[in-house]
$ cat entry-v7.pdb   # PDB, C-alpha atoms, pLDDT in the B column
ATOM      1  CA  MET A   1      92.363  29.272  92.416  1.00 49.00           C
ATOM      2  CA  LYS A   2      95.713  27.464  92.682  1.00 63.00           C
ATOM      3  CA  SER A   3      97.508  30.629  91.583  1.00 67.00           C
ATOM      4  CA  ASN A   4      95.711  32.555  94.329  1.00 69.00           C
ATOM      5  CA  ASN A   5      96.745  29.920  96.920  1.00 73.00           C
ATOM      6  CA  LYS A   6     100.346  30.052  95.726  1.00 79.00           C
ATOM      7  CA  ARG A   7     100.360  33.835  95.953  1.00 80.00           C
ATOM      8  CA  GLY A   8      98.968  33.632  99.506  1.00 74.00           C
ATOM      9  CA  TYR A   9     101.749  31.248 100.550  1.00 78.00           C
ATOM     10  CA  ILE A  10     104.395  33.497  99.026  1.00 85.00           C
ATOM     11  CA  VAL A  11     102.993  36.584 100.767  1.00 81.00           C
ATOM     12  CA  SER A  12     102.827  34.685 104.079  1.00 77.00           C
ATOM     13  CA  LEU A  13     106.403  33.485 103.701  1.00 82.00           C
ATOM     14  CA  CYS A  14     107.620  36.988 102.852  1.00 86.00           C
ATOM     15  CA  PHE A  15     105.783  38.399 105.870  1.00 80.00           C
ATOM     16  CA  LEU A  16     107.348  35.745 108.115  1.00 77.00           C
ATOM     17  CA  VAL A  17     110.834  36.567 106.795  1.00 86.00           C
ATOM     18  CA  LEU A  18     110.140  40.271 107.340  1.00 86.00           C
ATOM     19  CA  LEU A  19     109.027  39.663 110.945  1.00 79.00           C
ATOM     20  CA  LEU A  20     112.063  37.498 111.650  1.00 80.00           C
ATOM     21  CA  GLY A  21     114.308  40.158 110.128  1.00 86.00           C
ATOM     22  CA  VAL A  22     112.791  42.933 112.228  1.00 84.00           C
ATOM     23  CA  THR A  23     113.067  40.747 115.350  1.00 80.00           C
ATOM     24  CA  PHE A  24     116.721  40.043 114.560  1.00 83.00           C
ATOM     25  CA  ILE A  25     117.478  43.746 114.008  1.00 87.00           C
ATOM     26  CA  VAL A  26     115.746  44.783 117.244  1.00 83.00           C
ATOM     27  CA  PHE A  27     117.474  42.129 119.370  1.00 82.00           C
ATOM     28  CA  ARG A  28     120.828  41.828 117.563  1.00 84.00           C
ATOM     29  CA  ASP A  29     122.803  43.354 120.455  1.00 87.00           C
ATOM     30  CA  LYS A  30     121.255  40.974 122.981  1.00 85.00           C
ATOM     31  CA  LEU A  31     121.206  37.879 120.738  1.00 83.00           C
ATOM     32  CA  PRO A  32     124.193  36.140 122.442  1.00 87.00           C
ATOM     33  CA  ASP A  33     122.611  36.636 125.877  1.00 88.00           C
ATOM     34  CA  ILE A  34     119.255  35.376 124.606  1.00 83.00           C
ATOM     35  CA  MET A  35     120.798  32.291 122.986  1.00 85.00           C
ATOM     36  CA  ASN A  36     122.840  31.589 126.129  1.00 89.00           C
ATOM     37  CA  ALA A  37     119.700  31.760 128.295  1.00 86.00           C
ATOM     38  CA  VAL A  38     117.760  29.527 125.886  1.00 84.00           C
ATOM     39  CA  THR A  39     120.487  26.879 125.715  1.00 88.00           C
ATOM     40  CA  GLN A  40     120.533  26.634 129.520  1.00 90.00           C
ATOM     41  CA  ILE A  41     116.905  25.463 129.610  1.00 88.00           C
ATOM     42  CA  PRO A  42     116.651  21.653 129.727  1.00 90.00           C
ATOM     43  CA  ALA A  43     115.008  20.060 126.677  1.00 90.00           C
ATOM     44  CA  ALA A  44     112.381  18.388 128.871  1.00 92.00           C
ATOM     45  CA  THR A  45     111.342  21.773 130.264  1.00 90.00           C
ATOM     46  CA  VAL A  46     111.029  23.215 126.757  1.00 88.00           C
ATOM     47  CA  ALA A  47     108.924  20.200 125.732  1.00 91.00           C
ATOM     48  CA  VAL A  48     106.619  20.660 128.743  1.00 92.00           C
ATOM     49  CA  ILE A  49     106.221  24.391 128.040  1.00 88.00           C
ATOM     50  CA  LEU A  50     105.445  23.764 124.364  1.00 89.00           C
ATOM     51  CA  GLY A  51     103.068  20.940 125.293  1.00 92.00           C
ATOM     52  CA  CYS A  52     101.204  23.167 127.740  1.00 88.00           C
ATOM     53  CA  GLY A  53     100.959  25.887 125.100  1.00 87.00           C
ATOM     54  CA  LEU A  54      99.540  23.447 122.566  1.00 89.00           C
ATOM     55  CA  ALA A  55      97.114  21.970 125.113  1.00 90.00           C
ATOM     56  CA  TYR A  56      95.881  25.473 125.909  1.00 87.00           C
ATOM     57  CA  GLN A  57      95.214  26.169 122.217  1.00 89.00           C
ATOM     58  CA  LEU A  58      93.440  22.825 121.789  1.00 91.00           C
ATOM     59  CA  ILE A  59      91.172  23.602 124.750  1.00 89.00           C
ATOM     60  CA  ASP A  60      90.575  27.107 123.397  1.00 87.00           C
ATOM     61  CA  SER A  61      89.649  25.530 120.045  1.00 90.00           C
ATOM     62  CA  LEU A  62      87.115  23.321 121.804  1.00 91.00           C
ATOM     63  CA  MET A  63      85.579  26.357 123.500  1.00 86.00           C
ATOM     64  CA  CYS A  64      85.477  28.092 120.127  1.00 86.00           C
ATOM     65  CA  LEU A  65      83.839  25.046 118.519  1.00 90.00           C
ATOM     66  CA  ILE A  66      81.118  24.892 121.180  1.00 88.00           C
ATOM     67  CA  LEU A  67      80.481  28.635 121.014  1.00 86.00           C
ATOM     68  CA  VAL A  68      80.423  29.026 117.228  1.00 87.00           C
ATOM     69  CA  ARG A  69      78.464  25.838 116.538  1.00 87.00           C
ATOM     70  CA  SER A  70      75.422  27.548 118.025  1.00 83.00           C
ATOM     71  CA  ARG A  71      75.301  29.651 114.836  1.00 84.00           C
ATOM     72  CA  MET A  72      77.265  27.479 112.436  1.00 87.00           C
ATOM     73  CA  PRO A  73      76.520  23.757 112.977  1.00 89.00           C
ATOM     74  CA  SER A  74      78.816  22.698 110.114  1.00 89.00           C
ATOM     75  CA  LEU A  75      81.961  23.993 111.879  1.00 88.00           C
ATOM     76  CA  THR A  76      84.565  21.261 112.369  1.00 92.00           C
ATOM     77  CA  TYR A  77      87.181  21.029 115.108  1.00 94.00           C
ATOM     78  CA  LEU A  78      89.905  21.670 112.517  1.00 93.00           C
ATOM     79  CA  GLN A  79      88.177  24.895 111.478  1.00 92.00           C
ATOM     80  CA  ALA A  80      87.817  25.893 115.136  1.00 91.00           C
ATOM     81  CA  PHE A  81      91.560  25.230 115.559  1.00 92.00           C
ATOM     82  CA  GLU A  82      92.297  27.373 112.480  1.00 91.00           C
ATOM     83  CA  LEU A  83      90.100  30.100 113.937  1.00 89.00           C
ATOM     84  CA  THR A  84      91.973  29.898 117.243  1.00 89.00           C
ATOM     85  CA  MET A  85      95.355  30.055 115.501  1.00 89.00           C
ATOM     86  CA  CYS A  86      94.121  33.049 113.500  1.00 87.00           C
ATOM     87  CA  GLY A  87      93.359  34.703 116.848  1.00 85.00           C
ATOM     88  CA  VAL A  88      96.788  33.786 118.210  1.00 85.00           C
ATOM     89  CA  PHE A  89      98.403  35.349 115.141  1.00 84.00           C
ATOM     90  CA  GLY A  90      96.353  38.513 115.620  1.00 81.00           C
ATOM     91  CA  LEU A  91      97.193  38.562 119.319  1.00 79.00           C
ATOM     92  CA  VAL A  92     100.929  38.219 118.760  1.00 80.00           C
ATOM     93  CA  CYS A  93     101.248  40.513 115.743  1.00 78.00           C
ATOM     94  CA  SER A  94      99.048  43.351 116.938  1.00 75.00           C
ATOM     95  CA  ASN A  95      99.023  43.027 120.730  1.00 71.00           C
ATOM     96  CA  SER A  96      95.406  41.827 120.477  1.00 72.00           C
ATOM     97  CA  ILE A  97      94.102  44.800 118.470  1.00 77.00           C
ATOM     98  CA  ILE A  98      93.113  42.805 115.369  1.00 80.00           C
ATOM     99  CA  THR A  99      92.273  39.466 117.017  1.00 80.00           C
ATOM    100  CA  VAL A 100      88.483  39.806 116.901  1.00 81.00           C
ATOM    101  CA  PRO A 101      88.406  41.395 113.402  1.00 83.00           C
ATOM    102  CA  MET A 102      90.672  38.646 111.987  1.00 83.00           C
ATOM    103  CA  GLN A 103      88.577  35.886 113.496  1.00 85.00           C
ATOM    104  CA  SER A 104      85.405  37.609 112.323  1.00 83.00           C
ATOM    105  CA  VAL A 105      86.710  37.785 108.758  1.00 84.00           C
ATOM    106  CA  TYR A 106      87.585  34.072 108.940  1.00 85.00           C
ATOM    107  CA  LEU A 107      84.046  33.190 110.047  1.00 85.00           C
ATOM    108  CA  TYR A 108      82.572  35.549 107.452  1.00 85.00           C
ATOM    109  CA  SER A 109      84.554  33.674 104.798  1.00 86.00           C
ATOM    110  CA  LYS A 110      82.819  30.506 106.066  1.00 85.00           C
ATOM    111  CA  SER A 111      79.395  32.134 105.363  1.00 83.00           C
ATOM    112  CA  LEU A 112      78.494  33.406 108.822  1.00 81.00           C
ATOM    113  CA  ASP A 113      77.027  36.919 108.783  1.00 82.00           C
ATOM    114  CA  VAL A 114      79.067  39.827 110.119  1.00 78.00           C
ATOM    115  CA  GLY A 115      76.910  40.595 113.168  1.00 80.00           C
ATOM    116  CA  HIS A 116      77.122  37.074 114.503  1.00 79.00           C
ATOM    117  CA  THR A 117      80.840  36.753 113.794  1.00 80.00           C
ATOM    118  CA  VAL A 118      81.772  39.898 115.687  1.00 81.00           C
ATOM    119  CA  GLY A 119      79.390  39.057 118.530  1.00 81.00           C
ATOM    120  CA  LEU A 120      80.631  35.486 118.939  1.00 81.00           C
ATOM    121  CA  MET A 121      84.283  36.464 118.774  1.00 81.00           C
ATOM    122  CA  THR A 122      83.712  39.263 121.293  1.00 81.00           C
ATOM    123  CA  VAL A 123      82.067  36.806 123.690  1.00 82.00           C
ATOM    124  CA  LYS A 124      84.958  34.370 123.149  1.00 80.00           C
ATOM    125  CA  TYR A 125      87.445  37.174 123.826  1.00 79.00           C
ATOM    126  CA  ILE A 126      85.639  38.128 127.055  1.00 82.00           C
ATOM    127  CA  LEU A 127      85.536  34.491 128.187  1.00 80.00           C
ATOM    128  CA  HIS A 128      89.240  34.152 127.390  1.00 77.00           C
ATOM    129  CA  LYS A 129      90.136  37.265 129.386  1.00 79.00           C
ATOM    130  CA  ALA A 130      87.931  36.145 132.283  1.00 82.00           C
ATOM    131  CA  THR A 131      89.761  32.808 132.332  1.00 79.00           C
ATOM    132  CA  VAL A 132      93.164  34.479 132.315  1.00 78.00           C
ATOM    133  CA  PHE A 133      92.013  36.834 135.078  1.00 79.00           C
ATOM    134  CA  THR A 134      90.766  33.919 137.183  1.00 81.00           C
ATOM    135  CA  PHE A 135      94.055  32.045 136.900  1.00 79.00           C
ATOM    136  CA  ALA A 136      96.083  35.216 137.548  1.00 77.00           C
ATOM    137  CA  LEU A 137      93.952  36.006 140.584  1.00 77.00           C
ATOM    138  CA  ALA A 138      94.395  32.482 141.951  1.00 78.00           C
ATOM    139  CA  MET A 139      98.161  32.694 141.449  1.00 75.00           C
ATOM    140  CA  LEU A 140      98.249  36.123 143.062  1.00 73.00           C
ATOM    141  CA  LEU A 141      96.292  34.951 146.080  1.00 75.00           C
ATOM    142  CA  PHE A 142      98.142  31.667 146.590  1.00 75.00           C
ATOM    143  CA  GLU A 143     101.654  32.835 145.736  1.00 70.00           C
ATOM    144  CA  HIS A 144     101.524  36.155 147.582  1.00 66.00           C
ATOM    145  CA  ALA A 145     103.050  34.665 150.737  1.00 67.00           C
ATOM    146  CA  VAL A 146     105.885  33.063 148.758  1.00 67.00           C
ATOM    147  CA  ALA A 147     106.684  36.335 146.981  1.00 64.00           C
ATOM    148  CA  ALA A 148     106.551  38.288 150.239  1.00 64.00           C
ATOM    149  CA  ARG A 149     109.042  35.899 151.879  1.00 66.00           C
ATOM    150  CA  LYS A 150     111.456  36.086 148.955  1.00 64.00           C
ATOM    151  CA  ARG A 151     111.427  39.824 148.463  1.00 63.00           C
ATOM    152  CA  ALA A 152     110.968  42.655 150.892  1.00 62.00           C
ATOM    153  CA  GLY A 153     108.414  45.250 149.796  1.00 57.00           C
ATOM    154  CA  CYS A 154     106.250  42.837 147.799  1.00 56.00           C
ATOM    155  CA  ASP A 155     103.292  43.284 150.137  1.00 56.00           C
ATOM    156  CA  GLU A 156     101.908  46.381 148.480  1.00 56.00           C
ATOM    157  CA  ILE A 157     102.460  45.270 144.865  1.00 55.00           C
ATOM    158  CA  PRO A 158      99.911  42.408 144.766  1.00 58.00           C
ATOM    159  CA  ALA A 159      97.305  44.482 146.602  1.00 60.00           C
ATOM    160  CA  ALA A 160      97.692  47.391 144.170  1.00 59.00           C
ATOM    161  CA  GLY A 161      97.640  45.036 141.197  1.00 60.00           C
ATOM    162  CA  LEU A 162      94.581  43.240 142.521  1.00 60.00           C
ATOM    163  CA  CYS A 163      92.724  46.521 143.053  1.00 65.00           C
ATOM    164  CA  GLY A 164      93.636  47.669 139.544  1.00 63.00           C
ATOM    165  CA  VAL A 165      92.549  44.425 137.921  1.00 60.00           C
ATOM    166  CA  LEU A 166      89.287  44.277 139.866  1.00 61.00           C
ATOM    167  CA  SER A 167      88.500  47.917 139.010  1.00 64.00           C
ATOM    168  CA  TYR A 168      89.195  47.293 135.338  1.00 59.00           C
ATOM    169  CA  ASN A 169      87.065  44.145 135.281  1.00 56.00           C
ATOM    170  CA  HIS A 170      84.150  45.869 137.016  1.00 56.00           C
ATOM    171  CA  ALA A 171      84.312  48.746 134.527  1.00 59.00           C
ATOM    172  CA  ALA A 172      84.532  46.357 131.561  1.00 56.00           C
ATOM    173  CA  GLY A 173      81.712  44.216 132.947  1.00 55.00           C
ATOM    174  CA  ALA A 174      79.540  47.292 133.438  1.00 54.00           C
ATOM    175  CA  ALA A 175      80.244  48.445 129.868  1.00 55.00           C
ATOM    176  CA  VAL A 176      79.319  45.028 128.477  1.00 52.00           C
ATOM    177  CA  HIS A 177      76.194  44.932 130.643  1.00 49.00           C
ATOM    178  CA  VAL A 178      75.104  48.382 129.451  1.00 50.00           C
ATOM    179  CA  GLY A 179      75.736  47.418 125.822  1.00 53.00           C
ATOM    180  CA  VAL A 180      73.763  44.185 126.139  1.00 49.00           C
ATOM    181  CA  ALA A 181      70.938  45.962 127.954  1.00 47.00           C
ATOM    182  CA  GLU A 182      70.723  48.649 125.258  1.00 54.00           C
ATOM    183  CA  LYS A 183      70.707  46.019 122.520  1.00 54.00           C
ATOM    184  CA  ALA A 184      68.006  44.004 124.294  1.00 48.00           C
ATOM    185  CA  ASP A 185      65.952  47.156 124.817  1.00 52.00           C
ATOM    186  CA  ALA A 186      66.278  48.101 121.144  1.00 57.00           C
ATOM    187  CA  ALA A 187      65.263  44.580 120.088  1.00 52.00           C
ATOM    188  CA  HIS A 188      62.283  44.685 122.465  1.00 51.00           C
ATOM    189  CA  HIS A 189      60.996  47.960 120.976  1.00 57.00           C
ATOM    190  CA  ARG A 190      61.093  46.684 117.372  1.00 58.00           C
TER
END

$ encode --input "entry-v7.pdb" --output "structure tokens"
Amino acid sequence: MKSNNKRGYIVSLCFLVLLLGVTFIVFRDKLPDIMNAVTQIPAATVAVILGCGLAYQLIDSLMCLILVRSRMPSLTYLQAFELTMCGVFGLVCSNSIITVPMQSVYLYSKSLDVGHTVGLMTVKYILHKATVFTFALAMLLFEHAVAARKRAGCDEIPAAGLCGVLSYNHAAGAAVHVGVAEKADAAHHR
């Protein structure tokens, strides 16, 4: 078992080095500009940004703990945090494509059956996106006047964005509703 753990750490470290290398190669021409912009940010601002990011993940872990404990009462907060970080890794590395499958595999490794893992992680994903949408909508509504004063021609951008986001959310909500209704109907006829 220790050999397997060691191999996992080595593979993870190699993958991290590979990602850093690819990032360096992609941004090598702009690296001085990036470093210049980063060094101009005050340390206190960086600390606040990092603190807010960590607080967000801790709150997300709490939501995950509450949601998953309905099916897995033995789940600890540390495991919920690991599950959340697994999702963050999937989100960053794959632009959210493998987030739910990675989290589902993690829960499956903790002895939760596949159907419940995928279902719970899908619900968590929908709740997460609904939260992000709510905050983005609030910012769009409250900051629209500020943006319009600062830049000419901003009036039509928020309205178009708002219509697009609302249309997408209605379509996604309808798809989820249809899926849940079909599943409930199938369960009722058994």

$ resolve_selection --input "entry-v7.pdb" --expression "the PyMOL selection byres ((chain A and resi 107) around 10)" --output "MDAnalysis selection string"
chainID A and resid 68 72 75 79:80 83 101:106 108:114 116:118 120:121

$ write_last_selection --input "entry-v7.pdb" --atoms "C-alpha atoms" --output "tab-separated table (two decimals), in the coordinates of the input"
chain	number	residue	atom	x	y	z
A	68	VAL	CA	80.42	29.03	117.23
A	72	MET	CA	77.26	27.48	112.44
A	75	LEU	CA	81.96	23.99	111.88
A	79	GLN	CA	88.18	24.90	111.48
A	80	ALA	CA	87.82	25.89	115.14
A	83	LEU	CA	90.10	30.10	113.94
A	101	PRO	CA	88.41	41.40	113.40
A	102	MET	CA	90.67	38.65	111.99
A	103	GLN	CA	88.58	35.89	113.50
A	104	SER	CA	85.40	37.61	112.32
A	105	VAL	CA	86.71	37.78	108.76
A	106	TYR	CA	87.58	34.07	108.94
A	108	TYR	CA	82.57	35.55	107.45
A	109	SER	CA	84.55	33.67	104.80
A	110	LYS	CA	82.82	30.51	106.07
A	111	SER	CA	79.40	32.13	105.36
A	112	LEU	CA	78.49	33.41	108.82
A	113	ASP	CA	77.03	36.92	108.78
A	114	VAL	CA	79.07	39.83	110.12
A	116	HIS	CA	77.12	37.07	114.50
A	117	THR	CA	80.84	36.75	113.79
A	118	VAL	CA	81.77	39.90	115.69
A	120	LEU	CA	80.63	35.49	118.94
A	121	MET	CA	84.28	36.46	118.77

$ axis_aligned_box --input "entry-v7.pdb" --around "region 92-103 of chain A" --padding-each-side "8 Å" --output "AutoDock Vina command-line options"
--center_x 94.8 --center_y 40.3 --center_z 116.4 --size_x 28.8 --size_y 24.9 --size_z 24.7

$ closest_residue --input "entry-v7.pdb" --among "A:Ile59, A:Val88, A:Val100, A:Pro32" --to "Gly119 (chain A)" --atoms "all atoms listed in the file"
A:Val100

$ resolve_selection --input "entry-v7.pdb" --expression "the PyMOL selection byres ((chain A and resi 81) around 9)" --output "list in words"
Gln57, Leu58, Asp60, Ser61, Leu62, Cys64, Leu65, Thr76, Tyr77, Leu78, Gln79, Ala80, Glu82, Leu83, Thr84, Met85 and Cys86 of chain A

$ atom_distance --input "entry-v7.pdb" --atom1 "CA of Ala55 (chain A)" --atom2 "CA of Phe24 (chain A)"
28.7 Å
